[in-house]
file final_31.pdb (PDB, C-alpha atoms and all ligand atoms)
ATOM      1  CA  MET A  26     -26.411 -68.964-142.428
ATOM      2  CA  PRO A  27     -29.588 -70.230-140.742
ATOM      3  CA  GLU A  28     -31.320 -72.621-143.134
ATOM      4  CA  LEU A  29     -34.909 -73.831-143.005
ATOM      5  CA  PRO A  30     -34.273 -76.492-140.305
ATOM      6  CA  GLU A  31     -32.632 -73.931-138.008
ATOM      7  CA  VAL A  32     -35.497 -71.483-138.523
ATOM      8  CA  GLU A  33     -38.031 -74.208-137.798
ATOM      9  CA  THR A  34     -36.014 -75.256-134.734
ATOM     10  CA  THR A  35     -36.035 -71.632-133.583
ATOM     11  CA  ARG A  36     -39.796 -71.420-134.127
ATOM     12  CA  ARG A  37     -40.413 -74.530-132.040
ATOM     13  CA  GLY A  38     -37.984 -73.378-129.377
ATOM     14  CA  ILE A  39     -39.453 -69.897-128.839
ATOM     15  CA  GLU A  40     -43.130 -70.769-129.409
ATOM     16  CA  PRO A  41     -43.988 -71.568-125.753
ATOM     17  CA  ALA A  42     -42.599 -68.220-124.571
ATOM     18  CA  VAL A  43     -44.318 -66.248-127.316
ATOM     19  CA  VAL A  44     -47.719 -67.633-128.323
ATOM     20  CA  SER A  45     -50.612 -66.629-126.040
ATOM     21  CA  HIS A  46     -48.380 -64.045-124.370
ATOM     22  CA  THR A  47     -48.690 -60.275-124.630
ATOM     23  CA  ILE A  48     -45.892 -57.987-125.756
ATOM     24  CA  GLU A  49     -45.532 -55.185-123.201
ATOM     25  CA  ARG A  50     -42.746 -53.238-124.762
ATOM     26  CA  VAL A  51     -40.347 -53.283-127.718
ATOM     27  CA  ILE A  52     -36.778 -51.990-127.540
ATOM     28  CA  VAL A  53     -34.993 -51.241-130.817
ATOM     29  CA  ARG A  54     -31.299 -50.506-130.213
ATOM     30  CA  GLU A  55     -30.301 -50.653-133.881
ATOM     31  CA  GLN A  56     -32.633 -49.628-136.676
ATOM     32  CA  ARG A  57     -30.260 -50.449-139.536
ATOM     33  CA  LEU A  58     -30.886 -54.070-140.421
ATOM     34  CA  ARG A  59     -31.191 -55.359-144.003
ATOM     35  CA  TRP A  60     -34.033 -52.845-144.308
ATOM     36  CA  PRO A  61     -34.665 -50.159-141.695
ATOM     37  CA  VAL A  62     -36.771 -51.430-138.798
ATOM     38  CA  PRO A  63     -40.173 -49.654-139.135
ATOM     39  CA  ARG A  64     -40.220 -46.670-136.770
ATOM     40  CA  GLU A  65     -43.752 -47.470-135.677
ATOM     41  CA  LEU A  66     -42.823 -51.012-134.585
ATOM     42  CA  PRO A  67     -42.653 -50.378-130.798
ATOM     43  CA  ALA A  68     -45.991 -48.546-130.892
ATOM     44  CA  VAL A  69     -47.861 -51.089-133.041
ATOM     45  CA  LEU A  70     -46.590 -54.155-131.154
ATOM     46  CA  SER A  71     -46.996 -52.895-127.584
ATOM     47  CA  HIS A  72     -49.913 -54.460-125.693
ATOM     48  CA  GLN A  73     -50.540 -56.936-128.516
ATOM     49  CA  ARG A  74     -51.089 -60.600-127.785
ATOM     50  CA  VAL A  75     -49.217 -63.033-130.050
ATOM     51  CA  ASN A  76     -51.868 -65.405-131.350
ATOM     52  CA  THR A  77     -49.770 -67.471-133.764
ATOM     53  CA  LEU A  78     -46.144 -68.110-134.657
ATOM     54  CA  GLU A  79     -45.752 -69.636-138.098
ATOM     55  CA  ARG A  80     -42.907 -70.217-140.505
ATOM     56  CA  ARG A  81     -43.045 -69.590-144.253
ATOM     57  CA  ALA A  82     -39.767 -70.454-146.017
ATOM     58  CA  LYS A  83     -37.178 -68.854-143.732
ATOM     59  CA  TYR A  84     -39.534 -66.150-142.430
ATOM     60  CA  LEU A  85     -41.110 -66.259-138.977
ATOM     61  CA  LEU A  86     -44.612 -64.771-138.843
ATOM     62  CA  PHE A  87     -45.761 -63.427-135.466
ATOM     63  CA  GLY A  88     -49.528 -63.027-135.772
ATOM     64  CA  VAL A  89     -50.932 -60.401-133.382
ATOM     65  CA  ASN A  90     -54.417 -58.855-133.266
ATOM     66  CA  ASP A  91     -53.613 -55.870-135.501
ATOM     67  CA  GLY A  92     -51.252 -57.456-138.041
ATOM     68  CA  THR A  93     -48.157 -59.592-138.529
ATOM     69  CA  LEU A  94     -44.514 -59.135-137.622
ATOM     70  CA  ILE A  95     -42.329 -60.797-140.284
ATOM     71  CA  VAL A  96     -38.810 -61.688-139.103
ATOM     72  CA  HIS A  97     -35.915 -63.036-141.166
ATOM     73  CA  LEU A  98     -32.674 -64.134-139.480
ATOM     74  CA  GLY A  99     -30.514 -63.153-142.466
ATOM     75  CA  MET A 100     -26.950 -64.494-142.488
ATOM     76  CA  SER A 101     -26.178 -64.454-138.781
ATOM     77  CA  GLY A 102     -29.347 -63.605-136.836
ATOM     78  CA  SER A 103     -30.704 -65.518-133.837
ATOM     79  CA  LEU A 104     -33.677 -65.211-131.492
ATOM     80  CA  ARG A 105     -33.336 -66.265-127.876
ATOM     81  CA  VAL A 106     -35.654 -66.249-124.890
ATOM     82  CA  LEU A 107     -34.033 -64.668-121.829
ATOM     83  CA  PRO A 108     -35.111 -63.138-118.516
ATOM     84  CA  ALA A 109     -35.993 -59.472-119.201
ATOM     85  CA  ALA A 110     -33.254 -58.230-116.847
ATOM     86  CA  THR A 111     -30.446 -59.866-118.865
ATOM     87  CA  PRO A 112     -28.067 -57.054-119.929
ATOM     88  CA  PRO A 113     -27.803 -56.668-123.713
ATOM     89  CA  LEU A 114     -24.550 -57.603-125.414
ATOM     90  CA  LEU A 115     -23.009 -56.276-128.592
ATOM     91  CA  HIS A 116     -25.275 -56.992-131.612
ATOM     92  CA  ASP A 117     -28.395 -57.488-129.439
ATOM     93  CA  HIS A 118     -30.479 -55.205-131.648
ATOM     94  CA  ILE A 119     -34.129 -55.777-130.703
ATOM     95  CA  ASP A 120     -36.017 -56.990-127.610
ATOM     96  CA  LEU A 121     -39.660 -57.992-127.408
ATOM     97  CA  LEU A 122     -40.560 -57.843-123.703
ATOM     98  CA  PHE A 123     -43.490 -60.023-122.676
ATOM     99  CA  ASP A 124     -45.887 -59.713-119.765
ATOM    100  CA  SER A 125     -44.510 -63.044-118.495
ATOM    101  CA  GLY A 126     -41.167 -61.376-117.721
ATOM    102  CA  ALA A 127     -39.505 -63.092-120.670
ATOM    103  CA  CYS A 128     -37.575 -61.241-123.330
ATOM    104  CA  LEU A 129     -37.278 -62.397-126.923
ATOM    105  CA  ARG A 130     -33.920 -61.011-128.004
ATOM    106  CA  PHE A 131     -32.701 -60.628-131.589
ATOM    107  CA  ASN A 132     -28.936 -60.739-132.082
ATOM    108  CA  ASP A 133     -27.411 -60.249-135.525
ATOM    109  CA  PRO A 134     -23.704 -59.362-135.967
ATOM    110  CA  ARG A 135     -23.911 -58.945-139.748
ATOM    111  CA  ARG A 136     -27.311 -57.165-139.767
ATOM    112  CA  PHE A 137     -28.714 -58.964-142.823
ATOM    113  CA  GLY A 138     -31.783 -59.948-140.822
ATOM    114  CA  SER A 139     -35.043 -58.032-141.058
ATOM    115  CA  PHE A 140     -38.127 -57.005-139.074
ATOM    116  CA  SER A 141     -41.154 -56.028-141.187
ATOM    117  CA  TRP A 142     -44.717 -55.167-140.200
ATOM    118  CA  THR A 143     -47.882 -55.669-142.217
ATOM    119  CA  THR A 144     -51.582 -55.255-141.517
ATOM    120  CA  ASP A 145     -52.508 -57.182-144.697
ATOM    121  CA  ASP A 146     -52.393 -60.904-145.414
ATOM    122  CA  PRO A 147     -48.696 -61.682-144.735
ATOM    123  CA  ARG A 148     -48.632 -64.304-147.497
ATOM    124  CA  GLN A 149     -49.302 -61.498-150.016
ATOM    125  CA  HIS A 150     -46.430 -59.401-148.646
ATOM    126  CA  PRO A 151     -43.814 -58.591-151.356
ATOM    127  CA  LEU A 152     -41.240 -60.717-149.488
ATOM    128  CA  LEU A 153     -43.468 -63.782-149.451
ATOM    129  CA  ARG A 154     -45.915 -63.780-152.321
ATOM    130  CA  ALA A 155     -43.630 -65.222-155.045
ATOM    131  CA  LEU A 156     -42.372 -68.100-152.897
ATOM    132  CA  GLY A 157     -42.803 -71.679-154.093
ATOM    133  CA  PRO A 158     -44.236 -74.532-152.018
ATOM    134  CA  GLU A 159     -42.949 -75.594-148.614
ATOM    135  CA  PRO A 160     -40.697 -78.649-149.036
ATOM    136  CA  LEU A 161     -42.368 -80.562-146.180
ATOM    137  CA  SER A 162     -45.899 -79.917-147.455
ATOM    138  CA  ASP A 163     -47.916 -82.269-149.682
ATOM    139  CA  ASP A 164     -47.804 -79.600-152.420
ATOM    140  CA  PHE A 165     -44.168 -80.462-152.961
ATOM    141  CA  ASN A 166     -43.576 -83.879-154.530
ATOM    142  CA  GLY A 167     -42.029 -85.553-157.569
ATOM    143  CA  GLN A 168     -44.833 -84.398-159.863
ATOM    144  CA  ALA A 169     -44.466 -80.759-158.810
ATOM    145  CA  LEU A 170     -40.727 -81.009-159.372
ATOM    146  CA  ALA A 171     -41.238 -82.566-162.820
ATOM    147  CA  ARG A 172     -43.655 -79.757-163.769
ATOM    148  CA  ALA A 173     -41.190 -77.082-162.660
ATOM    149  CA  SER A 174     -38.365 -78.794-164.593
ATOM    150  CA  ARG A 175     -40.147 -79.367-167.892
ATOM    151  CA  GLY A 176     -38.069 -78.117-170.839
ATOM    152  CA  ARG A 177     -35.444 -76.539-168.577
ATOM    153  CA  LYS A 178     -31.718 -76.925-169.166
ATOM    154  CA  VAL A 179     -30.708 -75.518-165.780
ATOM    155  CA  ALA A 180     -28.785 -77.962-163.565
ATOM    156  CA  ILE A 181     -31.034 -79.855-161.165
ATOM    157  CA  LYS A 182     -29.130 -78.613-158.124
ATOM    158  CA  GLN A 183     -29.652 -74.985-159.130
ATOM    159  CA  LEU A 184     -33.318 -75.633-159.821
ATOM    160  CA  LEU A 185     -33.726 -77.032-156.277
ATOM    161  CA  MET A 186     -32.156 -73.898-154.816
ATOM    162  CA  ASN A 187     -34.619 -71.629-156.675
ATOM    163  CA  SER A 188     -37.173 -70.458-154.102
ATOM    164  CA  GLN A 189     -39.869 -70.135-156.762
ATOM    165  CA  VAL A 190     -39.633 -73.915-157.307
ATOM    166  CA  VAL A 191     -39.384 -74.918-153.639
ATOM    167  CA  VAL A 192     -38.391 -72.852-150.614
ATOM    168  CA  GLY A 193     -35.729 -73.535-148.023
ATOM    169  CA  VAL A 194     -33.463 -75.939-149.919
ATOM    170  CA  GLY A 195     -30.045 -74.355-149.496
ATOM    171  CA  ASN A 196     -26.683 -75.590-150.700
ATOM    172  CA  ILE A 197     -26.178 -78.182-147.953
ATOM    173  CA  TYR A 198     -29.582 -79.772-148.302
ATOM    174  CA  ALA A 199     -29.597 -79.744-152.124
ATOM    175  CA  SER A 200     -26.211 -81.529-152.169
ATOM    176  CA  GLU A 201     -27.256 -84.089-149.575
ATOM    177  CA  ALA A 202     -30.659 -84.783-151.151
ATOM    178  CA  LEU A 203     -29.122 -85.348-154.597
ATOM    179  CA  PHE A 204     -26.656 -87.808-153.093
ATOM    180  CA  ARG A 205     -29.462 -89.752-151.427
ATOM    181  CA  ALA A 206     -31.492 -89.702-154.646
ATOM    182  CA  ARG A 207     -28.350 -90.854-156.549
ATOM    183  CA  VAL A 208     -28.618 -88.029-159.084
ATOM    184  CA  ARG A 209     -25.610 -85.940-160.178
ATOM    185  CA  PRO A 210     -26.024 -82.238-159.407
ATOM    186  CA  ARG A 211     -25.038 -81.010-162.892
ATOM    187  CA  ARG A 212     -27.672 -82.903-164.882
ATOM    188  CA  ALA A 213     -30.166 -80.815-166.847
ATOM    189  CA  ALA A 214     -33.387 -80.644-164.822
ATOM    190  CA  GLY A 215     -35.596 -81.196-167.879
ATOM    191  CA  ARG A 216     -33.879 -84.495-168.712
ATOM    192  CA  LEU A 217     -34.556 -86.320-165.452
ATOM    193  CA  LYS A 218     -36.936 -89.281-165.252
ATOM    194  CA  GLN A 219     -40.071 -89.197-163.130
ATOM    195  CA  ALA A 220     -38.593 -91.815-160.766
ATOM    196  CA  GLU A 221     -35.654 -89.490-160.191
ATOM    197  CA  PHE A 222     -37.898 -86.515-159.421
ATOM    198  CA  ASP A 223     -39.797 -88.720-156.978
ATOM    199  CA  ALA A 224     -36.544 -89.815-155.323
ATOM    200  CA  ILE A 225     -35.266 -86.234-155.071
ATOM    201  CA  ALA A 226     -38.482 -84.886-153.518
ATOM    202  CA  LYS A 227     -38.491 -87.739-151.007
ATOM    203  CA  ALA A 228     -34.799 -87.195-150.182
ATOM    204  CA  ILE A 229     -35.341 -83.453-149.616
ATOM    205  CA  LYS A 230     -38.120 -84.158-147.125
ATOM    206  CA  GLN A 231     -35.992 -86.796-145.373
ATOM    207  CA  VAL A 232     -32.879 -84.695-145.063
ATOM    208  CA  LEU A 233     -34.799 -81.631-143.808
ATOM    209  CA  ARG A 234     -36.747 -83.694-141.258
ATOM    210  CA  GLU A 235     -33.532 -85.242-139.951
ATOM    211  CA  ALA A 236     -31.926 -81.819-139.651
ATOM    212  CA  ILE A 237     -34.949 -80.445-137.774
ATOM    213  CA  ARG A 238     -34.839 -83.428-135.429
ATOM    214  CA  SER A 239     -31.107 -82.921-134.795
ATOM    215  CA  GLY A 240     -31.625 -79.214-134.199
ATOM    216  CA  GLY A 241     -34.420 -80.040-131.817
ATOM    217  CA  THR A 242     -32.225 -82.243-129.672
ATOM    218  CA  THR A 243     -29.539 -79.586-129.192
ATOM    219  CA  LEU A 244     -31.729 -76.528-128.878
ATOM    220  CA  ARG A 245     -29.771 -74.626-126.260
ATOM    221  CA  ASP A 246     -26.736 -74.006-128.454
ATOM    222  CA  TYR A 247     -27.668 -75.789-131.591
ATOM    223  CA  VAL A 248     -25.834 -73.665-134.115
ATOM    224  CA  ASN A 249     -22.241 -73.747-135.245
ATOM    225  CA  ALA A 250     -20.654 -70.718-136.844
ATOM    226  CA  ASP A 251     -22.164 -71.790-140.164
ATOM    227  CA  GLY A 252     -25.623 -72.228-138.651
ATOM    228  CA  MET A 253     -25.804 -75.988-138.986
ATOM    229  CA  PRO A 254     -27.092 -78.123-136.127
ATOM    230  CA  GLY A 255     -24.006 -79.684-134.585
ATOM    231  CA  TYR A 256     -25.159 -83.285-134.554
ATOM    232  CA  PHE A 257     -26.415 -83.100-138.103
ATOM    233  CA  ARG A 258     -22.965 -82.355-139.507
ATOM    234  CA  GLN A 259     -21.784 -85.819-138.544
ATOM    235  CA  LYS A 260     -24.475 -87.341-140.724
ATOM    236  CA  LEU A 261     -23.588 -85.521-143.935
ATOM    237  CA  TYR A 262     -22.707 -87.762-146.873
ATOM    238  CA  VAL A 263     -21.078 -85.276-149.245
ATOM    239  CA  TYR A 264     -21.250 -81.627-148.111
ATOM    240  CA  GLU A 265     -17.756 -80.299-147.337
ATOM    241  CA  ARG A 266     -16.341 -83.832-147.565
ATOM    242  CA  SER A 267     -14.215 -83.260-150.680
ATOM    243  CA  GLY A 268     -11.510 -85.966-150.953
ATOM    244  CA  GLU A 269     -12.927 -87.963-148.046
ATOM    245  CA  PRO A 270     -14.219 -91.494-148.726
ATOM    246  CA  CYS A 271     -17.898 -91.873-149.664
ATOM    247  CA  ARG A 272     -19.766 -93.388-146.730
ATOM    248  CA  ILE A 273     -21.414 -95.883-149.114
ATOM    249  CA  CYS A 274     -18.750 -96.892-151.682
ATOM    250  CA  GLN A 275     -15.448 -95.455-150.297
ATOM    251  CA  ALA A 276     -14.665 -93.523-153.520
ATOM    252  CA  PRO A 277     -13.381 -90.001-152.803
ATOM    253  CA  ILE A 278     -16.105 -87.329-152.721
ATOM    254  CA  ARG A 279     -15.683 -84.843-155.563
ATOM    255  CA  HIS A 280     -16.159 -81.126-155.527
ATOM    256  CA  PHE A 281     -16.747 -78.398-158.126
ATOM    257  CA  VAL A 282     -18.091 -74.868-158.228
ATOM    258  CA  GLN A 283     -21.585 -74.409-159.621
ATOM    259  CA  GLY A 284     -23.341 -71.054-159.701
ATOM    260  CA  GLN A 285     -20.604 -69.653-157.408
ATOM    261  CA  ARG A 286     -21.424 -72.289-154.782
ATOM    262  CA  SER A 287     -19.479 -75.417-153.921
ATOM    263  CA  THR A 288     -21.141 -78.636-154.944
ATOM    264  CA  TYR A 289     -20.151 -82.061-153.661
ATOM    265  CA  PHE A 290     -21.023 -85.481-155.078
ATOM    266  CA  CYS A 291     -19.925 -89.084-155.425
ATOM    267  CA  ALA A 292     -19.202 -90.009-159.066
ATOM    268  CA  THR A 293     -19.829 -93.691-158.304
ATOM    269  CA  CYS A 294     -23.076 -93.473-156.329
ATOM    270  CA  GLN A 295     -24.676 -90.654-158.350
ATOM    271  CA  LYS A 296     -25.658 -91.080-161.992
TER     272      LYS A 296
HETATM  273 ZN    ZN B 301     -20.267 -93.339-153.299
END

call {"tool": "encode", "arguments": {"input": "final_31.pdb", "output": "C-alpha cells"}}
result
Amino acid sequence: MPELPEVETTRRGIEPAVVSHTIERVIVREQRLRWPVPRELPAVLSHQRVNTLERRAKYLLFGVNDGTLIVHLGMSGSLRVLPAATPPLLHDHIDLLFDSGACLRFNDPRRFGSFSWTTDDPRQHPLLRALGPEPLSDDFNGQALARASRGRKVAIKQLLMNSQVVVGVGNIYASEALFRARVRPRRAAGRLKQAEFDAIAKAIKQVLREAIRSGGTTLRDYVNADGMPGYFRQKLYVYERSGEPCRICQAPIRHFVQGQRSTYFCATCQK
C-alpha cells in the first residue's frame, strides 16, 4: 500500500509535468473506484491549468482555477507520466492529457483509489477536515504527541497510527520509529515520559525523511509489490524481521499481532 513517503515521492515526480500545464482532455475508462468517479470530471477539468500540486496526508491535491481534484492512491494505485500515445494497459483507469503532449495515467488493479472534485476549500472536504497534523510539519512534535496521549490507555503504536493524532504514520513507520526511540509498541500512550514523546516525534520525522529520500533516488520503478521504496527496505531495523538478529544488539527481533496488524520490536533495545 502506498504510504506517505511514496505519495510524496509521486508528488515530486509528477510535479514538473503537471504544474503550470493545462489539462486538455480527461479519459475515464473505469468509473468504479472506491467511490464512483464524478461524472462531470472530464468537463470540469478540461482546459484548466494546474496551478498547484500539494499533498495532505496521503491525498494529492491538484489545484486548478475552478476547484481542486483530490486523488488517493488507495491500496494499489499509481500515477505515471507517459507520452499521450502510449496504449493503455489493463487497470489504466484514468488519463489526464496535457497540452504538453504528456499523459498522467492512473493505474489501480484493486480500485481502492479515488478521484474527487471540490469547488470549496479542499482542506474542509469531508475526506480531509478531521485529519491531524502532518508529521513533517512543526505542528507535530513531542508536546503535541504528549497532549494527544494524555490519560489514554491505548498502546502507543496504535495511537501513532491514528490519523486524527498524526497523519501518514502507517505500520512500517510506526514500528521503525518506536525502535529508534527505544520505546516498546505496547506501552500505554498516557504513561510515556516527555523525553520519550520527544524521541518518538523526532524518530518519525527521521524515518519518513529517509524513506522519501530513498524513494526519490529510485523514482522510475520505486515501488515493490508492497509499495515500499526498494532501497529503504534494506535499512529497516525491525519491520518484517521477526527472528532475525537486531542490527544493534543481535537479539532476535520479536513479533506479535496488535490491532490486527503485525508489530515488530527488540525486547533488549526497547523499554
Ligand atoms: Zn536490539

call {"tool": "residues_around", "arguments": {"input": "final_31.pdb", "residues": "Arg238 of chain A", "least_positions_apart": "4", "cutoff": "9 Å", "atoms": "only C-alpha atoms", "output": "ChimeraX atom specification"}}
result
/A:30,34,233-234,242,257

call {"tool": "write_last_selection", "arguments": {"input": "final_31.pdb", "atoms": "C-alpha atoms", "output": "PDB file, keeping the file's coordinate frame"}}
result
ATOM      1  CA  PRO A  30     -34.273 -76.492-140.305  1.00  0.00           C
ATOM      2  CA  THR A  34     -36.014 -75.256-134.734  1.00  0.00           C
ATOM      3  CA  LEU A 233     -34.799 -81.631-143.808  1.00  0.00           C
ATOM      4  CA  ARG A 234     -36.747 -83.694-141.258  1.00  0.00           C
ATOM      5  CA  THR A 242     -32.225 -82.243-129.672  1.00  0.00           C
ATOM      6  CA  PHE A 257     -26.415 -83.100-138.103  1.00  0.00           C
TER       7      PHE A 257
END

call {"tool": "residues_around", "arguments": {"input": "final_31.pdb", "residues": "Val43 of chain A", "least_positions_apart": "5", "cutoff": "8 Å", "atoms": "only C-alpha atoms", "output": "list of chain:residue names"}}
result
A:Val75, A:Leu78, A:Phe123

call {"tool": "residues_near_ligand", "arguments": {"input": "final_31.pdb", "ligand": "ligand ZN 301 (chain B)", "cutoff": "7 Å", "atoms": "all atoms listed in the file", "output": "number ranges by chain"}}
result
A: 271-276, 291-294

call {"tool": "resolve_selection", "arguments": {"input": "final_31.pdb", "expression": "the PyMOL selection byres (((chain A and resi 94-106) around 6) and not hetatm)", "output": "MDAnalysis selection string"}}
result
chainID A and resid 26 84:87 93 107 128:133 137:142

call {"tool": "residues_around", "arguments": {"input": "final_31.pdb", "residues": "Phe165 of chain A", "least_positions_apart": "6", "cutoff": "10 Å", "atoms": "all atoms listed in the file", "output": "short mmCIF file (atom, residue, chain, number, x, y, z; two decimals) with C-alpha atoms, in the frame of the given file"}}
result
data_model
loop_
_atom_site.label_atom_id
_atom_site.label_comp_id
_atom_site.auth_asym_id
_atom_site.auth_seq_id
_atom_site.Cartn_x
_atom_site.Cartn_y
_atom_site.Cartn_z
CA GLY A 157 -42.80 -71.68 -154.09
CA PRO A 158 -44.24 -74.53 -152.02
CA GLU A 159 -42.95 -75.59 -148.61
CA VAL A 190 -39.63 -73.92 -157.31
CA VAL A 191 -39.38 -74.92 -153.64
CA VAL A 192 -38.39 -72.85 -150.61
CA ALA A 226 -38.48 -84.89 -153.52
CA LYS A 227 -38.49 -87.74 -151.01
CA ILE A 229 -35.34 -83.45 -149.62
CA LYS A 230 -38.12 -84.16 -147.12
#

call {"tool": "closest_residue", "arguments": {"input": "final_31.pdb", "among": "A:Ala199, A:Val89, A:His116, A:Ala42", "to": "Arg135 of chain A", "atoms": "only C-alpha atoms"}}
result
A:His116

call {"tool": "closest_residue", "arguments": {"input": "final_31.pdb", "among": "A:Arg50, A:Arg57, A:Arg177, A:Arg211", "to": "Arg74 of chain A", "atoms": "all atoms listed in the file"}}
result
A:Arg50

call {"tool": "residues_around", "arguments": {"input": "final_31.pdb", "residues": "segment 259-269 of chain A", "least_positions_apart": "4", "cutoff": "12 Å", "atoms": "only C-alpha atoms", "output": "ChimeraX atom specification"}}
result
/A:195-207,209-210,232-233,235-236,239,251,253-255,273-282,286-292,294-295

call {"tool": "closest_residue", "arguments": {"input": "final_31.pdb", "among": "A:Asn90, A:Gln283, A:Ser188, A:Thr77", "to": "Leu29 of chain A", "atoms": "only C-alpha atoms"}}
result
A:Ser188

call {"tool": "axis_aligned_box", "arguments": {"input": "final_31.pdb", "around": "segment 128-131 of chain A", "padding_each_side": "8 Å", "output": "JSON"}}
result
{"center_x": -35.1, "center_y": -61.5, "center_z": -127.5, "size_x": 20.9, "size_y": 17.8, "size_z": 24.3}

call {"tool": "residues_around", "arguments": {"input": "final_31.pdb", "residues": "segment 216-219 of chain A", "least_positions_apart": "4", "cutoff": "8 Å", "atoms": "all atoms listed in the file", "output": "list in words"}}
result
Gly167, Gln168, Ala171, Gly176, Lys178, Arg212 and Asp223 of chain A

call {"tool": "resolve_selection", "arguments": {"input": "final_31.pdb", "expression": "the PyMOL selection byres (((chain A and resi 52) around 10) and not hetatm)", "output": "number ranges by chain"}}
result
A: 50-51, 53-55, 66-67, 118-122, 130

call {"tool": "closest_residue", "arguments": {"input": "final_31.pdb", "among": "A:Ser71, A:Ala169, A:Arg136, A:Gly126", "to": "Gln56 of chain A", "atoms": "all atoms listed in the file"}}
result
A:Arg136

call {"tool": "decode", "arguments": {"input": "final_31.pdb", "residues": "segment 60-66 of chain A", "atoms": "all heavy atoms", "output": "mmCIF file, in the first residue's frame"}}
result
data_model
loop_
_atom_site.group_PDB
_atom_site.id
_atom_site.type_symbol
_atom_site.label_atom_id
_atom_site.label_comp_id
_atom_site.auth_asym_id
_atom_site.auth_seq_id
_atom_site.Cartn_x
_atom_site.Cartn_y
_atom_site.Cartn_z
ATOM 1 N N TRP A 60 -14.960 5.235 -4.591
ATOM 2 C CA TRP A 60 -16.238 5.891 -4.803
ATOM 3 C C TRP A 60 -16.346 6.151 -6.292
ATOM 4 O O TRP A 60 -15.333 6.283 -6.965
ATOM 5 C CB TRP A 60 -16.301 7.217 -4.042
ATOM 6 C CG TRP A 60 -16.173 7.005 -2.567
ATOM 7 C CD1 TRP A 60 -17.097 6.456 -1.741
ATOM 8 C CD2 TRP A 60 -15.043 7.290 -1.744
ATOM 9 N NE1 TRP A 60 -16.621 6.386 -0.450
ATOM 10 C CE2 TRP A 60 -15.362 6.888 -0.423
ATOM 11 C CE3 TRP A 60 -13.769 7.843 -1.988
ATOM 12 C CZ2 TRP A 60 -14.478 7.018 0.643
ATOM 13 C CZ3 TRP A 60 -12.894 7.977 -0.930
ATOM 14 C CH2 TRP A 60 -13.242 7.557 0.375
ATOM 15 N N PRO A 61 -17.554 6.252 -6.842
ATOM 16 C CA PRO A 61 -17.653 6.492 -8.278
ATOM 17 C C PRO A 61 -16.946 7.786 -8.678
ATOM 18 O O PRO A 61 -17.057 8.795 -7.963
ATOM 19 C CB PRO A 61 -19.168 6.609 -8.509
ATOM 20 C CG PRO A 61 -19.815 5.990 -7.313
ATOM 21 C CD PRO A 61 -18.859 6.155 -6.175
ATOM 22 N N VAL A 62 -16.207 7.739 -9.769
ATOM 23 C CA VAL A 62 -15.559 8.948 -10.285
ATOM 24 C C VAL A 62 -16.675 9.915 -10.697
ATOM 25 O O VAL A 62 -17.595 9.512 -11.417
ATOM 26 C CB VAL A 62 -14.669 8.612 -11.493
ATOM 27 C CG1 VAL A 62 -14.044 9.873 -12.090
ATOM 28 C CG2 VAL A 62 -13.589 7.604 -11.100
ATOM 29 N N PRO A 63 -16.625 11.195 -10.244
ATOM 30 C CA PRO A 63 -17.711 12.127 -10.598
ATOM 31 C C PRO A 63 -17.894 12.200 -12.115
ATOM 32 O O PRO A 63 -16.924 12.343 -12.860
ATOM 33 C CB PRO A 63 -17.225 13.472 -10.047
ATOM 34 C CG PRO A 63 -16.187 13.141 -9.031
ATOM 35 C CD PRO A 63 -15.579 11.836 -9.441
ATOM 36 N N ARG A 64 -19.152 12.106 -12.555
ATOM 37 C CA ARG A 64 -19.427 12.098 -13.997
ATOM 38 C C ARG A 64 -19.001 13.384 -14.680
ATOM 39 O O ARG A 64 -18.668 13.382 -15.859
ATOM 40 C CB ARG A 64 -20.929 11.864 -14.246
ATOM 41 C CG ARG A 64 -21.334 10.464 -13.887
ATOM 42 C CD ARG A 64 -22.619 10.014 -14.558
ATOM 43 N NE ARG A 64 -22.879 8.623 -14.167
ATOM 44 C CZ ARG A 64 -22.343 7.576 -14.765
ATOM 45 N NH1 ARG A 64 -21.572 7.726 -15.822
ATOM 46 N NH2 ARG A 64 -22.583 6.352 -14.341
ATOM 47 N N GLU A 65 -19.013 14.474 -13.909
ATOM 48 C CA GLU A 65 -18.680 15.771 -14.513
ATOM 49 C C GLU A 65 -17.170 15.996 -14.622
ATOM 50 O O GLU A 65 -16.737 17.019 -15.151
ATOM 51 C CB GLU A 65 -19.336 16.914 -13.728
ATOM 52 C CG GLU A 65 -18.717 17.252 -12.373
ATOM 53 C CD GLU A 65 -19.300 16.454 -11.200
ATOM 54 O OE1 GLU A 65 -19.828 15.344 -11.442
ATOM 55 O OE2 GLU A 65 -19.206 16.929 -10.055
ATOM 56 N N LEU A 66 -16.369 15.034 -14.124
ATOM 57 C CA LEU A 66 -14.920 15.274 -14.044
ATOM 58 C C LEU A 66 -14.282 15.687 -15.379
ATOM 59 O O LEU A 66 -13.546 16.675 -15.431
ATOM 60 C CB LEU A 66 -14.209 14.060 -13.446
ATOM 61 C CG LEU A 66 -12.842 14.365 -12.816
ATOM 62 C CD1 LEU A 66 -12.979 15.221 -11.566
ATOM 63 C CD2 LEU A 66 -12.113 13.074 -12.478
#
